[in-house]
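Visitor: Sharing a structure, written as structure tokens. Questions coming.
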Amino acid sequence: MSSTLLRFRPRRRLAAVLALGAAALLLTSPQQPAHAAPPDPAKAEAQWIDRDTVVWKGAEQAPAQLEFGDGGLTHRIRLTPGSLTPAERAAFPHLQNFPAFTVDPRDRGLARNALRNRLVATQQRSTDADRTPATAPATTGVQIPGVLDDLYGRAAQHTHLGPTFDGGHRPTLSVWAPTARTVALELDGRTVPMHRDDITGVWRAQGSRAWLGRPYRYVVRVWAPSVHAFVTNKVTDPYSTALTADSARSLVVDLADPRLAPQGWSRLKKPVAVPLRKARIQELHIRDFSIADRTSRHPGQYLAFTDTHSDGMRHLKALATAGTSYVHLLPAFDFASVPERRADQQDPAQQPDCKLAAMPSDSDRQQECVGKSAARDAYNWGYDPLHYTVPEGSYASDPNGPRRTVEFRRMVQGLNGAGLRTVMDVVYNHTAASGQDPKSVLDRIVPGYYHRLLDDGSVATSTCCSNTAPEHTMMGKLVVDSVVTWAKQYKVDGFRFDLMGHHPKANILAVRKALDALTPARDGVDGKAIILYGEGWNFGEVANDARFVQATQRNMAGTGIATFSDRARDAIRGGTPFDPDPRVQGFASGLFTDPNSSAASGNPSDQRARLLHYQDLIKLGLTGNLADYTFTDTSGRRVKGSEVDYNGAPAGYAAAPGDALAYADAHDNETLYDALAYKLPPGTSPAARARMQVVALATAALSQGPALSQAGTDLLRSKSLDRNSFNSGDWFNALHWGCATGTGSATSSATGNGTAISNDTGNGFGRGLPPATDNKDKWPYAKPLLADPALRPSCATMTAASAAYRDLLRIHATEPAFGLPTTADVQSALTFPLSGTDETPGVITMRLGRLVVIFNATPHRQPQHLPSLAGTPYALHPDQAHGADPVVKSASYQSSSGTFTVPARTVAVFARGAGR
């Protein structure tokens, strides 16, 4: 199966399975049988898609009805067999083969009342060939998102929700709850009535300035299908702008309050905006960045990015100076999995017999210790959203109140001051929980609306958790409103959408349109300069546009919104992230040219053929993965990018540079160093491993279009072979910056919650076997590697790799040919002159304008003959000729024959006329 279909991460499922309440029998009217069976509370196979139409999977083409009531007389809405209109089939393509029913025109006025009651569909079924009626009607629950959108969506999508303020800072609190029987405001321990707008389904309460800073919740009385009962839920505001610790209460806070603005916020000067097609992005987890940095005054916090002289900030500034333009922060909104008060966070080092630093490098004890406290420690990646538009409290110096707002803004200031713009990783495709779970917010206010339901009424979980439904009007509105708030109020410069393929394309385009409308004069930010990209993977219940046109790789081409490209990633590393044998090799890990002992890569003939195909995938990656780019592939055929195969799909899918985002590693799967640890032959020297790492990074860094690297990858970062470190704690995840700045020591220091993290000068390799949950099947491969001291690089090796990478970033930043805007420009300026049947396995030669770039992934010095360039003066690019890597300086060019010679495991950039 294609890795594209599997690219989601398994994360901790936070939602417990709730015991279902007993089903209450419906009271029936005299107009129907008194023996109607109660519906299965776990089933809702009827879908009320608009005020006129109900679709019912498994129903007969016979009259049916919707029944509703609150415990008294049951009312009914008559249904007659019908069919879907063309517009309905287009809006609900996954339902077009199910029986459809038309709501009797005489009963359409009952819809709004019905939706605020318990609701079931019933039908008297026949039981045999002569259609003798069954004794009891068939019954099922009813899905209601479609009809809610039809009745309320158009009006409600233009309303302001959450806390809003008039000129005198008097707050109005508004929540959309069209199915609720009653909604009240619990404010500071007292109850305040709220008033319902029958047109929008929005409930409001207006208060005085005295409400500012006060904690509140909504008290919602509503029918909950998941427990088949009316419930009274006390719920925080989905549009919260501030929270108390552990998200227990929302706070009435005005984000425009000057008291929440750090000094200089209104005059914040940002680095010059870099267009997406030239963006070089560093992906970073807030806690990883500083928790082990002994030079930081705020380890693990937002404020660590204000410590301008810390090792971590000095390294980020060096990357920015070289050409990195954005820092992409893993989720920093309020998430569910970490206790926010430091006193409540468990520390694995406090457990008996858990002296982590003293354990053998290949031991399983470290992961066991970390696992025991994982559910209550201070660490998680944060892909379990609770409140989408409030900064996460565990990164603040005080999680109780709006300090997190001030400190998030100071973090943005700190990054901007270092020359870096800020990208937020946003996760609108699922929530931490649904139903009546205490961690469920949206579903306890409008049950059955905000989440995507399957045909039987269960919540889809293909993303790992409770999938949301941005195709529904008010969930789509929440996405747009939340992103705009982060852009305006926090001056965030970009957004990366997690599992963007689970969003409708229209929803992501609506985000783009809303951002484009922001102006510096009116909003304080230039929305058109904000970049967007995301994971365009195609899988799950929405796959292949089953429910809507998805925001997938293919569909987003031409929109200016980038998607991660797995094509070159797999070719660079080898295999896929899901191979049972992690030793499968690729271009940058020695396939064919430096084979390891694994049979998984095939025999030498197979390896050669695979390597050459990988080289075609990498060439496409260097063009920006353009669908219409034409070149000669390694079989000698003239092909378009869309005609090159990637696991049965077109390899080239981009319409313009900027549609595809290049990368060799990210937070998912093993770090690049760890992947190469598995794949390179065991005897490969540390220096050779570092050089192969730079070759791998260069294929993304020197591509057209945006590129991303995981923080620390330039320093050979390891997570001790952990392929899914989302819950592996600081021990496996923390970044160690000592080697980067020469300040490292062999001492240990305490993290913000007391965890002892070694501040050694290593890269994180050999911190024990990775957690068993996601890695135990690879332990037989991992154990001998982790025990091998040769796989722990020295500071000199790490800093040399980083310096060589920064030289490549400088070349990218200073050469205009790396920022070509159109496919036609790329086609004209970029060629692979040696591509074809005689191409050297393990070597890619690219000509780009005045540049010749040669990627030599082999363990041997390689000549590349370009007779057409004979007599043309070329020399090693000045940024390498005067750069940090002594090996690349031995690269040479013979003008008389047009021969470029490049050392083993080296990327060399030659420039026409350079050095003259």
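In the structure tokens, the first chain shown is A, the next is B, and so on; residue numbers restart at 1 for each chain, and ligands run from 1 in the order shown.
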What lies within 9 Å of Asp633 of chain A using only C-alpha atoms, ignoring chain neighbours under 4 positions off, as a list in words?
Guide: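 Near neighbours after the sequence-gap exclusion: Leu612, His613, Gln615, Asp616, Arg637, Arg638, Val639, Val644, Ser835, Gly836 and Thr837 of chain A.
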Visitor: I'd like the contact shell of Arg277 of chain A - 7 Å cut-off, only C-alpha atoms, skipping same-chain residues fewer than 3 positions apart - returned as a ChimeraX atom specification.
Guide: /A:657-658,704-706,819
Visitor: Give me the residues near segment 105-110 of chain A as an MDAnalysis selection string, where near means some atom within 8 Å (using only C-alpha atoms) and where sequence neighbours in that chain fewer than 6 positions away do not count.
Guide: chainID A and resid 51:52 77:78
Visitor: Next, dump the selected residues to file, keeping only N, CA and C atoms, as an mmCIF file, in the first residue's frame.
Guide:
```
data_model
loop_
_atom_site.group_PDB
_atom_site.id
_atom_site.type_symbol
_atom_site.label_atom_id
_atom_site.label_comp_id
_atom_site.auth_asym_id
_atom_site.auth_seq_id
_atom_site.Cartn_x
_atom_site.Cartn_y
_atom_site.Cartn_z
ATOM 1 N N ARG A 51 -34.183 20.084 4.693
ATOM 2 C CA ARG A 51 -35.552 20.136 5.237
ATOM 3 C C ARG A 51 -36.525 19.279 4.430
ATOM 4 N N ASP A 52 -36.149 18.938 3.186
ATOM 5 C CA ASP A 52 -37.060 18.198 2.308
ATOM 6 C C ASP A 52 -36.788 16.707 2.242
ATOM 7 N N ILE A 77 -43.252 13.137 11.558
ATOM 8 C CA ILE A 77 -43.080 13.802 10.271
ATOM 9 C C ILE A 77 -43.149 12.713 9.212
ATOM 10 N N ARG A 78 -44.127 12.840 8.337
ATOM 11 C CA ARG A 78 -44.372 11.778 7.356
ATOM 12 C C ARG A 78 -43.356 11.837 6.209
#
```
Visitor: Neighbouring residues of Ala59 of chain A were defined as those with any atom within 12 Å, considering only C-alpha atoms; residues of the same chain fewer than 5 positions away were excluded. Please report them as a list in words.
Guide: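 Non-adjacent residues within range: Glu45, Ala46, Gln47, Val54, Ala64, Gln65, Leu79, Thr80, Pro81, Asn97, Phe98, Pro99, Ala100, Phe101, Ala121, Thr122, Gln123, Gln124, Arg125, Ser126, Pro137, Ala138, Thr139 and Thr140 of chain A.
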Visitor: Let me make sure I understand: among A:His502, A:Lys234, A:His865, A:Arg567, which one has the smallest atom-to-atom distance to Ser250 of chain A if we use only C-alpha atoms?
Guide: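 Closest to Ser250 of chain A of all the choices is A:Lys234.
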Visitor: Got a sec to tell me which of segment 484-597 of chain A DSSP assigns to strand (DSSP E or B), as number ranges by chain?
Guide: A: 494-497, 504, 531-534, 550, 562-564
Visitor: Can you tell me which residues surround segment 592-609 of chain A at a distance of at most 6 Å, considering only C-alpha atoms, apart from same-chain residues fewer than 4 positions away, and format the answer as a list in words?
Guide: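 Neighbouring residues, sequence-local ones excluded: Val584, Pro681 and Thr858 of chain A.
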Visitor: Which residues are near Arg214 of chain A? Cut-off 10 Å, only C-alpha atoms, ignore same chain within fewer than 4 positions. Put them as a list of chain:residue names.
Guide: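 So, after excluding close chain neighbours, the residues are A:Leu187, A:Asp188, A:Gly189, A:Ala210, A:Leu243, A:Thr244, A:Arg249, A:Ser250, A:Leu251, A:Val252, A:Val253, A:Gly401.
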Visitor: Identify, on the basis of only C-alpha atoms, every residue whose closest approach to segment 807-812 of chain A does not exceed 10 Å; exclude the query and any residue fewer than 5 positions from it along the same chain; express the result as number ranges by chain.
Guide: A: 278, 280, 319-324, 694, 697-698, 701-704, 802, 817-819, 877-885, 907-909
Visitor: Go ahead and save the residues from that selection, with C-alpha atoms, as an mmCIF file, in the first residue's frame.
Guide:
```cif
data_model
loop_
_atom_site.group_PDB
_atom_site.id
_atom_site.type_symbol
_atom_site.label_atom_id
_atom_site.label_comp_id
_atom_site.auth_asym_id
_atom_site.auth_seq_id
_atom_site.Cartn_x
_atom_site.Cartn_y
_atom_site.Cartn_z
ATOM 1 C CA LYS A 278 11.311 29.772 -1.717
ATOM 2 C CA ARG A 280 12.976 26.956 3.908
ATOM 3 C CA LEU A 319 20.096 28.933 10.363
ATOM 4 C CA ALA A 320 18.119 32.101 9.681
ATOM 5 C CA THR A 321 21.267 33.920 8.582
ATOM 6 C CA ALA A 322 22.013 31.051 6.188
ATOM 7 C CA GLY A 323 18.567 31.076 4.615
ATOM 8 C CA THR A 324 16.009 29.359 6.842
ATOM 9 C CA VAL A 694 23.907 16.199 4.030
ATOM 10 C CA LEU A 697 19.103 17.133 3.075
ATOM 11 C CA ALA A 698 20.452 18.731 -0.102
ATOM 12 C CA ALA A 701 17.215 22.171 0.250
ATOM 13 C CA LEU A 702 18.169 22.678 -3.421
ATOM 14 C CA SER A 703 14.756 21.939 -4.903
ATOM 15 C CA GLN A 704 12.260 24.287 -6.495
ATOM 16 C CA SER A 802 25.432 21.464 10.119
ATOM 17 C CA ALA A 817 17.240 30.288 -10.093
ATOM 18 C CA PHE A 818 16.012 28.391 -7.022
ATOM 19 C CA GLY A 819 12.834 30.488 -6.874
ATOM 20 C CA HIS A 877 30.324 28.037 -5.953
ATOM 21 C CA PRO A 878 31.936 30.612 -3.631
ATOM 22 C CA ASP A 879 29.768 29.530 -0.695
ATOM 23 C CA GLN A 880 31.360 26.088 -0.944
ATOM 24 C CA ALA A 881 34.799 27.162 -2.175
ATOM 25 C CA HIS A 882 35.081 29.386 0.903
ATOM 26 C CA GLY A 883 32.707 27.324 3.023
ATOM 27 C CA ALA A 884 32.977 24.915 5.914
ATOM 28 C CA ASP A 885 33.329 21.545 4.134
ATOM 29 C CA VAL A 907 26.862 17.580 -3.200
ATOM 30 C CA ALA A 908 28.842 20.121 -5.211
ATOM 31 C CA VAL A 909 27.450 23.286 -6.755
#
```
Visitor: If you run DSSP on the backbone here, which positions in segment 401-451 of chain A get alpha helix (DSSP H)? Please write them as a ChimeraX atom specification.
Guide: /A:403-417
Visitor: Hey, can you spit out that residue selection with C-alpha atoms as a PDB file, in the first residue's frame?
Guide:
```
ATOM      1  CA  ARG A 403      -0.438  34.818  30.620  1.00  0.00           C
ATOM      2  CA  ARG A 404      -0.185  32.153  27.934  1.00  0.00           C
ATOM      3  CA  THR A 405      -1.480  34.742  25.444  1.00  0.00           C
ATOM      4  CA  VAL A 406       1.194  37.271  26.392  1.00  0.00           C
ATOM      5  CA  GLU A 407       3.965  34.674  26.324  1.00  0.00           C
ATOM      6  CA  PHE A 408       2.907  33.195  22.986  1.00  0.00           C
ATOM      7  CA  ARG A 409       3.112  36.692  21.544  1.00  0.00           C
ATOM      8  CA  ARG A 410       6.546  37.153  23.085  1.00  0.00           C
ATOM      9  CA  MET A 411       7.610  33.877  21.444  1.00  0.00           C
ATOM     10  CA  VAL A 412       6.542  35.236  18.057  1.00  0.00           C
ATOM     11  CA  GLN A 413       8.493  38.412  18.795  1.00  0.00           C
ATOM     12  CA  GLY A 414      11.562  36.379  19.717  1.00  0.00           C
ATOM     13  CA  LEU A 415      11.470  34.323  16.537  1.00  0.00           C
ATOM     14  CA  ASN A 416      10.844  37.389  14.389  1.00  0.00           C
ATOM     15  CA  GLY A 417      13.770  39.103  16.071  1.00  0.00           C
TER      16      GLY A 417
END
```
Visitor: Restricting the calculation to only C-alpha atoms, which member of A:Ala279, A:Ala904, A:Ala375, A:Met424 is positioned closest to Ala857 of chain A?
Guide: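 Nearest candidate to Ala857 of chain A out of A:Ala279, A:Ala904, A:Ala375, A:Met424: A:Ala904.
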Visitor: So how many Å separate atom CA of Arg217 of chain A and atom CA of Ala184 of chain A, to one decimal?
Guide: 8.6 Å
Visitor: What is the distance, in Å and to one decimal place, between atom CA of Asp579 of chain A and atom CA of Val459 of chain A?
Guide: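 For atom CA of Asp579 of chain A relative to atom CA of Val459 of chain A, the distance reads 29.7 Å.
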Visitor: For a test of reading the model, state the distance in Å between atom CA of Lys270 of chain A and atom CA of His315 of chain A, rounded to one decimal.
Guide: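 One can read the atom CA of Lys270 of chain A to atom CA of His315 of chain A distance as 19.1 Å.
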Visitor: Taking only C-alpha atoms into account, which of A:Leu84, A:Val441, A:Ile281, A:Leu329 comes nearest Val220 of chain A?
Guide: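 Among the listed residues, the smallest separation from Val220 of chain A belongs to A:Val441.
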Visitor: Pick from A:Arg569, A:Arg912, A:His309, A:Arg287: nearest to Asn733 of chain A, with only C-alpha atoms counted?
Guide: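 Ranking A:Arg569, A:Arg912, A:His309, A:Arg287 by distance to Asn733 of chain A, first place goes to A:Arg287.
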